[in-house]
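Below is one structure, written out as structure tokens; the observations come after it.
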Amino acid sequence: MAIDLNSPIVKKLIIVLSVVVPVLVAILYLLPKNFEVGEEVYYLPMLNAVLNGSTFFVLIFALRAIKNGNIELHRKLMTTALGLSVLFLLSYVTYHALTESTPYGGEGIIKGVYLVILLTHIVLAAAVVPLVLVTFSRALSEKFDKHKKIARITLPIWLYVTFTGVVVYLMISPYY
């Protein structure tokens, strides 16, 4: 099923999602949290790390599939990666809508390392949203030459974001 990449609706949807997702996440950090939450909410950061880690490995397998010429497996794996990322986003938004942010408790050089990883993770997580959407829309529109061009940019960034998401979780988890 090919979609028209030049469709104004597709372009507007990509732009809206690319702006709304990072803005929503930023707003969540500013809103007061006056909710009574159950203990199960505090398992969401671990779930987020599992979803990020799973996405990382699915992306690696998808890359291997396309390099081996298995287009159908690549398509299924990339769809799975997108689905896992959407689940991650829903879980992440839920957790940060209901709870205060956890400050990092480390000190010294390790705190600097954490902050560099966190900052690059945040910036690239915002940047990867439009990249993923455009990459997927080009695949769906069967513009594979353009898809391949942008996928070479999107994939390393998406891999970095999913990997550092797990690293950030592991570094901050003792302070939850």
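By order of appearance in the structure tokens: chains A, B, ..., then residues from 1 within every chain, and ligands from 1 in the order shown.
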
- prompt: Quick one: residues within 9 Å of Tyr160 (chain A), only C-alpha atoms counted, chain neighbours fewer than 6 positions away excluded, as an MDAnalysis selection string?
  reply: chainID A and resid 56 121 124:125

Please save C-alpha atoms of the selected residues as a PDB file, in the first residue's frame.
ATOM      1  CA  PHE A  56      17.638  -1.507  20.094  1.00  0.00           C
ATOM      2  CA  HIS A 121      19.836  11.326  24.731  1.00  0.00           C
ATOM      3  CA  LEU A 124      18.547  13.145  19.877  1.00  0.00           C
ATOM      4  CA  ALA A 125      15.270  11.644  21.152  1.00  0.00           C
TER       5      ALA A 125
END

- request: List every residue of chain A that DSSP, applied to the backbone of this structure, assigns to alpha helix (DSSP H), and report them as a ChimeraX atom specification.
  value: /A:8-30,44-67,71-98,109-140,144-172

task: Show which residues sit within 10 Å of Ile71 (chain A), as a ChimeraX atom specification. Count only C-alpha atoms, and ignore same-chain residues fewer than 6 positions away.
output: /A:62,65,77
